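Source file: start-v8.txt; contents: compact mmCIF, C-alpha atoms.
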# COMPACT_ATOMS: atom_id res chain seq x y z
CA MET T 1 131.57 -1.46 -36.64
CA THR T 2 131.80 1.17 -39.35
CA ALA T 3 129.18 3.18 -41.13
CA LYS T 4 129.17 5.32 -44.23
CA ALA T 5 126.77 8.17 -44.91
CA LYS T 6 125.78 9.02 -48.43
CA PRO T 7 126.07 12.71 -49.28
CA HIS T 8 122.81 14.66 -49.17
CA LYS T 9 121.13 15.64 -52.39
CA GLN T 10 120.69 19.38 -52.76
CA SER T 11 116.96 19.23 -51.98
CA GLU T 12 117.59 17.06 -48.90
CA PHE T 13 120.31 19.43 -47.70
CA GLU T 14 117.95 22.41 -47.95
CA SER T 15 115.32 20.47 -45.99
CA VAL T 16 117.87 19.77 -43.24
CA LEU T 17 118.84 23.45 -43.09
CA LEU T 18 115.18 24.41 -42.87
CA ALA T 19 114.63 22.00 -39.98
CA ILE T 20 117.72 23.28 -38.14
CA ALA T 21 116.76 26.93 -38.59
CA GLY T 22 113.13 26.32 -37.67
CA HIS T 23 113.72 24.18 -34.59
CA ASP T 24 117.25 23.84 -33.28
CA LEU T 25 118.17 27.52 -33.56
CA ARG T 26 114.87 28.78 -32.15
CA GLN T 27 115.24 26.81 -28.91
CA PRO T 28 118.40 28.54 -27.59
CA LEU T 29 117.01 31.89 -28.75
CA GLN T 30 113.87 31.26 -26.67
CA VAL T 31 116.03 30.33 -23.66
CA ILE T 32 117.94 33.61 -23.99
CA GLN T 33 114.64 35.51 -24.19
CA ASN T 34 113.27 33.74 -21.09
CA VAL T 35 116.43 34.46 -19.06
CA HIS T 36 116.37 38.08 -20.21
CA ASP T 37 112.72 38.40 -19.07
CA ILE T 38 113.58 36.97 -15.63
CA LEU T 39 116.51 39.35 -15.20
CA GLY T 40 114.26 42.25 -16.16
CA ARG T 41 111.87 41.71 -13.23
CA GLY T 42 112.03 44.07 -10.28
CA LEU T 43 113.65 47.44 -9.87
CA ARG T 44 116.90 48.10 -11.73
CA THR T 45 119.46 50.86 -11.89
CA THR T 46 119.65 53.04 -15.00
CA SER T 47 122.81 51.31 -16.20
CA GLU T 48 121.28 47.84 -15.70
CA LEU T 49 118.14 48.84 -17.60
CA ARG T 50 120.31 50.14 -20.43
CA LEU T 51 122.13 46.80 -20.61
CA LEU T 52 118.81 44.92 -20.59
CA GLN T 53 117.56 47.06 -23.48
CA CYS T 54 120.72 46.28 -25.45
CA GLY T 55 120.19 42.60 -24.77
CA GLN T 56 116.56 42.78 -25.93
CA SER T 57 117.60 44.56 -29.13
CA ALA T 58 120.13 41.81 -29.82
CA VAL T 59 117.50 39.09 -29.28
CA GLU T 60 115.05 40.83 -31.63
CA ARG T 61 117.77 41.29 -34.25
CA LEU T 62 118.64 37.59 -34.11
CA ARG T 63 114.97 36.67 -34.39
CA ASP T 64 114.52 38.90 -37.45
CA GLN T 65 117.60 37.42 -39.13
CA LEU T 66 116.43 33.88 -38.39
CA ASP T 67 113.01 34.67 -39.87
CA GLU T 68 114.68 35.97 -43.05
CA LEU T 69 116.79 32.82 -43.37
CA LEU T 70 113.71 30.65 -42.87
CA ALA T 71 111.83 32.60 -45.53
CA ALA T 72 114.71 32.13 -47.99
CA LEU T 73 114.91 28.38 -47.31
CA ARG T 74 111.14 27.95 -47.58
CA LEU T 75 111.30 29.78 -50.89
CA CYS T 76 113.80 27.21 -52.18
CA GLU T 77 111.58 24.37 -50.98
CA SER T 78 108.23 25.69 -52.23
CA GLY T 79 109.67 27.06 -55.48
CA LYS T 80 110.30 23.53 -56.72
CA ARG T 81 106.62 22.61 -56.47
CA ALA T 82 104.81 25.93 -56.95
CA LYS T 83 101.52 25.43 -58.75
CA LEU T 84 99.34 28.40 -59.61
CA THR T 85 95.73 28.23 -58.42
CA SER T 86 92.93 30.73 -57.83
CA VAL T 87 93.83 32.87 -54.82
CA ARG T 88 91.46 35.37 -53.20
CA VAL T 89 93.45 38.53 -52.56
CA GLU T 90 91.62 40.07 -49.59
CA PRO T 91 92.13 37.23 -47.03
CA LEU T 92 95.81 37.20 -47.95
CA LEU T 93 96.12 40.96 -47.43
CA GLN T 94 94.32 40.69 -44.08
CA GLN T 95 96.66 37.92 -42.89
CA VAL T 96 99.77 39.83 -43.95
CA THR T 97 98.81 43.13 -42.29
CA CYS T 98 97.63 41.34 -39.14
CA ALA T 99 101.03 39.62 -38.82
CA ASP T 100 102.75 43.03 -38.56
CA LYS T 101 100.10 44.76 -36.46
CA VAL T 102 102.17 44.68 -33.25
CA ALA T 103 105.26 46.10 -34.96
CA ALA T 104 103.18 48.88 -36.51
CA LEU T 105 101.43 49.78 -33.23
CA THR T 106 104.71 49.76 -31.32
CA LYS T 107 106.27 52.13 -33.83
CA GLY T 108 103.21 54.36 -34.18
CA VAL T 109 102.61 53.60 -37.88
CA SER T 110 99.06 53.10 -39.13
CA VAL T 111 98.42 50.18 -41.51
CA ARG T 112 95.21 50.04 -43.55
CA THR T 113 93.90 47.42 -45.97
CA VAL T 114 91.43 48.32 -48.73
CA SER T 115 88.65 45.77 -49.25
CA THR T 116 88.66 43.87 -52.57
CA SER T 117 86.88 40.97 -54.28
CA ALA T 118 89.79 40.22 -56.66
CA THR T 119 90.93 36.66 -57.35
CA ILE T 120 94.24 35.95 -59.11
CA GLU T 121 96.27 33.04 -60.49
CA SER T 122 99.08 32.61 -57.95
CA ASP T 123 100.44 30.54 -55.09
CA ALA T 124 99.20 31.69 -51.67
CA LEU T 125 102.37 30.62 -49.82
CA LEU T 126 104.82 32.40 -52.13
CA LEU T 127 102.65 35.47 -52.61
CA GLY T 128 102.16 35.68 -48.84
CA THR T 129 105.95 35.63 -48.41
CA VAL T 130 106.27 38.49 -50.92
CA LEU T 131 103.58 40.62 -49.29
CA ARG T 132 104.87 40.01 -45.75
CA ASN T 133 108.30 41.23 -46.79
CA LEU T 134 106.89 44.31 -48.52
CA VAL T 135 104.60 45.29 -45.63
CA SER T 136 107.31 44.61 -43.05
CA ASN T 137 109.74 46.80 -45.02
CA ALA T 138 107.14 49.54 -45.37
CA ILE T 139 106.66 49.66 -41.60
CA LYS T 140 110.40 49.42 -40.93
CA TYR T 141 111.26 52.39 -43.15
CA THR T 142 108.30 54.60 -42.21
CA GLN T 143 108.71 57.10 -39.39
CA PRO T 144 106.33 57.20 -36.38
CA GLY T 145 103.08 58.88 -37.38
CA GLY T 146 103.40 57.61 -40.96
CA HIS T 147 101.01 55.43 -42.95
CA VAL T 148 101.06 52.14 -44.87
CA LEU T 149 98.24 51.30 -47.29
CA VAL T 150 97.69 47.88 -48.90
CA GLY T 151 95.13 47.29 -51.65
CA CYS T 152 94.64 46.35 -55.28
CA ARG T 153 93.02 47.51 -58.52
CA HIS T 154 92.03 46.04 -61.89
CA THR T 155 94.21 46.81 -64.94
CA ASP T 156 93.04 45.11 -68.16
CA GLN T 157 93.35 41.34 -67.58
CA ARG T 158 95.61 41.78 -64.59
CA ILE T 159 95.24 42.67 -60.93
CA ARG T 160 97.71 45.14 -59.43
CA ILE T 161 98.43 44.70 -55.72
CA ASP T 162 99.92 47.83 -54.17
CA VAL T 163 101.84 48.43 -50.96
CA TYR T 164 102.16 52.19 -50.32
CA ASP T 165 104.12 53.86 -47.52
CA THR T 166 105.04 57.38 -46.44
CA GLY T 167 108.57 56.34 -45.44
CA ILE T 168 112.08 57.48 -46.26
CA GLY T 169 111.82 56.46 -49.91
CA ILE T 170 114.51 55.07 -52.22
CA THR T 171 117.17 57.21 -53.87
CA GLY T 172 118.11 56.97 -57.54
CA ASP T 173 121.42 55.24 -56.86
CA GLN T 174 119.69 52.63 -54.65
CA MET T 175 117.09 51.67 -57.27
CA PRO T 176 119.32 49.48 -59.53
CA ARG T 177 120.50 47.29 -56.63
CA MET T 178 117.43 47.28 -54.41
CA PHE T 179 116.60 43.62 -55.17
CA GLU T 180 120.15 42.40 -54.57
CA ALA T 181 120.93 40.35 -51.46
CA PHE T 182 122.29 42.17 -48.37
CA THR T 183 121.08 45.60 -49.55
CA ARG T 184 119.74 48.03 -46.94
CA PHE T 185 118.04 51.35 -47.72
CA ASP T 186 119.17 52.90 -44.45
CA PRO T 187 122.89 52.23 -43.67
CA ALA T 188 122.29 53.17 -40.04
CA ARG T 189 120.04 50.13 -39.54
CA CYS T 190 121.65 46.85 -38.53
CA ASP T 191 118.53 44.67 -38.04
CA GLY T 192 117.87 41.89 -40.50
CA LEU T 193 120.15 40.55 -43.19
CA GLY T 194 119.01 42.79 -46.03
CA ILE T 195 117.63 39.88 -48.08
CA GLY T 196 113.91 40.74 -47.88
CA LEU T 197 113.65 42.27 -51.35
CA PHE T 198 115.97 39.59 -52.77
CA ILE T 199 113.42 37.01 -51.56
CA VAL T 200 110.65 39.11 -53.13
CA ARG T 201 112.40 39.13 -56.52
CA GLN T 202 113.03 35.36 -56.44
CA ALA T 203 109.43 34.56 -55.48
CA ILE T 204 107.98 36.91 -58.10
CA GLY T 205 110.12 35.16 -60.74
CA ILE T 206 108.86 31.72 -59.67
CA LEU T 207 105.25 32.94 -59.79
CA GLY T 208 105.63 34.58 -63.18
CA HIS T 209 104.28 37.85 -61.81
CA ARG T 210 105.77 41.32 -62.33
CA ILE T 211 106.79 43.91 -59.75
CA ASP T 212 107.17 47.65 -60.30
CA VAL T 213 108.54 50.23 -57.86
CA ALA T 214 107.92 53.97 -57.68
CA SER T 215 109.56 56.06 -54.95
CA THR T 216 110.36 59.61 -53.94
CA PRO T 217 113.07 60.17 -51.29
CA CYS T 218 111.66 61.45 -47.98
CA ARG T 219 108.07 61.01 -49.23
CA GLY T 220 107.49 57.29 -49.63
CA SER T 221 107.33 54.32 -51.98
CA ARG T 222 104.86 52.15 -53.87
CA PHE T 223 105.57 48.49 -54.65
CA SER T 224 103.12 47.05 -57.22
CA ILE T 225 102.68 43.35 -58.05
CA PHE T 226 100.95 42.48 -61.34
CA ALA T 227 99.24 39.08 -61.51
CA SER T 228 96.78 37.51 -63.97
CA ARG T 229 93.13 37.60 -62.99
CA ALA T 230 91.67 34.16 -62.24
CA GLU T 231 89.03 32.79 -64.62
As structure tokens:
Amino acid sequence: MTAKAKPHKQSEFESVLLAIAGHDLRQPLQVIQNVHDILGRGLRTTSELRLLQCGQSAVERLRDQLDELLAALRLCESGKRAKLTSVRVEPLLQQVTCADKVAALTKGVSVRTVSTSATIESDALLLGTVLRNLVSNAIKYTQPGGHVLVGCRHTDQRIRIDVYDTGIGITGDQMPRMFEAFTRFDPARCDGLGIGLFIVRQAIGILGHRIDVASTPCRGSRFSIFASRAE
């Protein structure tokens, strides 16, 4: 018996990739994490503990990279059917900051959300992806003891959502290419793929919003999203 498979359409291919990244790749990563946790039990020599720490860093780096790939693939999927509706800003900000609470506490960075009653025309899934990337970046590039502030304000018929940080900032030569794929602000860092802000730019374009950036090296940055106020 013989069988022939028709080639996947582009949309079907992206769905397959999303399923593989979300399920098949997470399973072996979880096995590695479980084995690492078992090996870490009990007393260990200094050299063994150092090796375990290296292994844990590698697992976390793989997890971060997988999350970035998933976000990019979901963006492709949801971008085809994005429909703007009324979105309350405050619940979205609370969800986003809560998702990174552990990372912020571990690093010693305080994250605060300012209360708001604003409602905008957007897509909660895509806007959540944008804000998660911005808040995650803010924590990543802010030194221990620093601060991240998330809030919004009214400007004419638009709402401006701001993500402030007291991190390392962005230099003048980094600004023009900051939204390009595989760009990292700190060359010494090797976690992630450097596609977070690329995903932000793509999602903002799909939503029809605008994003502005203001930054001072060694003092911090402000990423501002402008969206139309809901009727």
> Between T:Ala103, T:Val109, T:Leu127, T:Ala118, which is the closest to T:Arg88 once you count only C-alpha atoms?
Replying inline: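 Of all the options, T:Ala118 lies closest to T:Arg88.
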For T:Thr106, list every protein, DNA or RNA residue within 12 Å, evaluated using only C-alpha atoms, and leave out those in the same chain fewer than 6 positions away; present the list as a PyMOL selection string.
chain T and resi 100+139-140+143-145
Near T:Val150, within 8 Å and counting all atoms listed in the file, which residues show up once chain neighbours fewer than 6 positions away are dropped, as a compact mmCIF listing (two decimals) with C-alpha atoms, in the coordinates of the input?
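The result, written out as out20.txt:
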# COMPACT_ATOMS: atom_id res chain seq x y z
CA LEU T 93 96.12 40.96 -47.43
CA VAL T 111 98.42 50.18 -41.51
CA ARG T 112 95.21 50.04 -43.55
CA THR T 113 93.90 47.42 -45.97
CA VAL T 114 91.43 48.32 -48.73
CA ILE T 161 98.43 44.70 -55.72
CA ASP T 162 99.92 47.83 -54.17
CA VAL T 163 101.84 48.43 -50.96
CA TYR T 164 102.16 52.19 -50.32
Near-T:Gln53 list (12 Å; all atoms listed in the file; drop same-chain fewer than 6 positions) as a ChimeraX atom specification = /T:33,36-37,39-40,44,46-47,59-60
Neighbouring residues of stretch 198-213 of chain T were defined as those with any atom within 6 Å, considering all atoms listed in the file; residues of the same chain fewer than 2 positions away were excluded. Please report them as a PyMOL selection string. chain T and resi 130+179-181+195-196+222-227
*asked:* As an exercise, work out the distance from atom CA of T:Val102 to atom CA of T:Val87 in Å and give it to one decimal place.
replied: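 Interatomic distance, atom CA of T:Val102 to atom CA of T:Val87: 26.0 Å.
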Exercise. Given the choices T:Arg177, T:Arg50, T:Arg229, T:Lys107, which gets closest to T:Ile159 if the distance is worked out from all atoms listed in the file?
Worked result: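 Residue with the minimum atom-to-atom distance to T:Ile159: T:Arg229.
From atom CA of T:Gln30 back to atom CA of T:Gln95, the distance works out to 24.6 Å.
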**Message:** So the first atom is atom CA of T:Tyr141 and the second is atom CA of T:Cys98; what is the distance between them in Å, to one decimal place?
**Reply:**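 Computed distance, atom CA of T:Tyr141 to atom CA of T:Cys98, equals 18.0 Å.
Between T:Ile170 and the residues T:Ser86, T:Gln56, T:Thr216, T:Ser117, the shortest atom-to-atom distance, using only C-alpha atoms, involves T:Thr216.
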In terms of the shortest atom-to-atom distance over all atoms listed in the file, which of T:Val89, T:Val96, T:Leu69, T:Val31 is closest to T:Thr119?
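Counting all atoms listed in the file, the residue closest to T:Thr119 is T:Val89.
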Could you pull the residues within 10 Å of T:Lys83, counting only C-alpha atoms, minus those fewer than 5 positions along the same chain, as a PDB file with C-alpha atoms, in the coordinates of the input?
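Everything below was put into selection.pdb:
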ATOM      1  CA  SER T  78     108.230  25.690 -52.230  1.00  0.00           C
ATOM      2  CA  GLU T 121      96.270  33.040 -60.490  1.00  0.00           C
ATOM      3  CA  SER T 122      99.080  32.610 -57.950  1.00  0.00           C
ATOM      4  CA  ASP T 123     100.440  30.540 -55.090  1.00  0.00           C
ATOM      5  CA  ALA T 124      99.200  31.690 -51.670  1.00  0.00           C
ATOM      6  CA  ILE T 206     108.860  31.720 -59.670  1.00  0.00           C
ATOM      7  CA  LEU T 207     105.250  32.940 -59.790  1.00  0.00           C
TER       8      LEU T 207
END
Using only C-alpha atoms, pick whichever of T:Leu52, T:Ala58, T:Leu66, T:Ile120 has the shortest atom-to-atom distance to T:Ser228.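 Result for the nearest residue to T:Ser228: T:Ile120.
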Between T:Arg41, T:Leu125, T:Cys54, T:Ala230, which is the closest to T:Arg158 once you count all atoms listed in the file?
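Closest candidate: T:Ala230.
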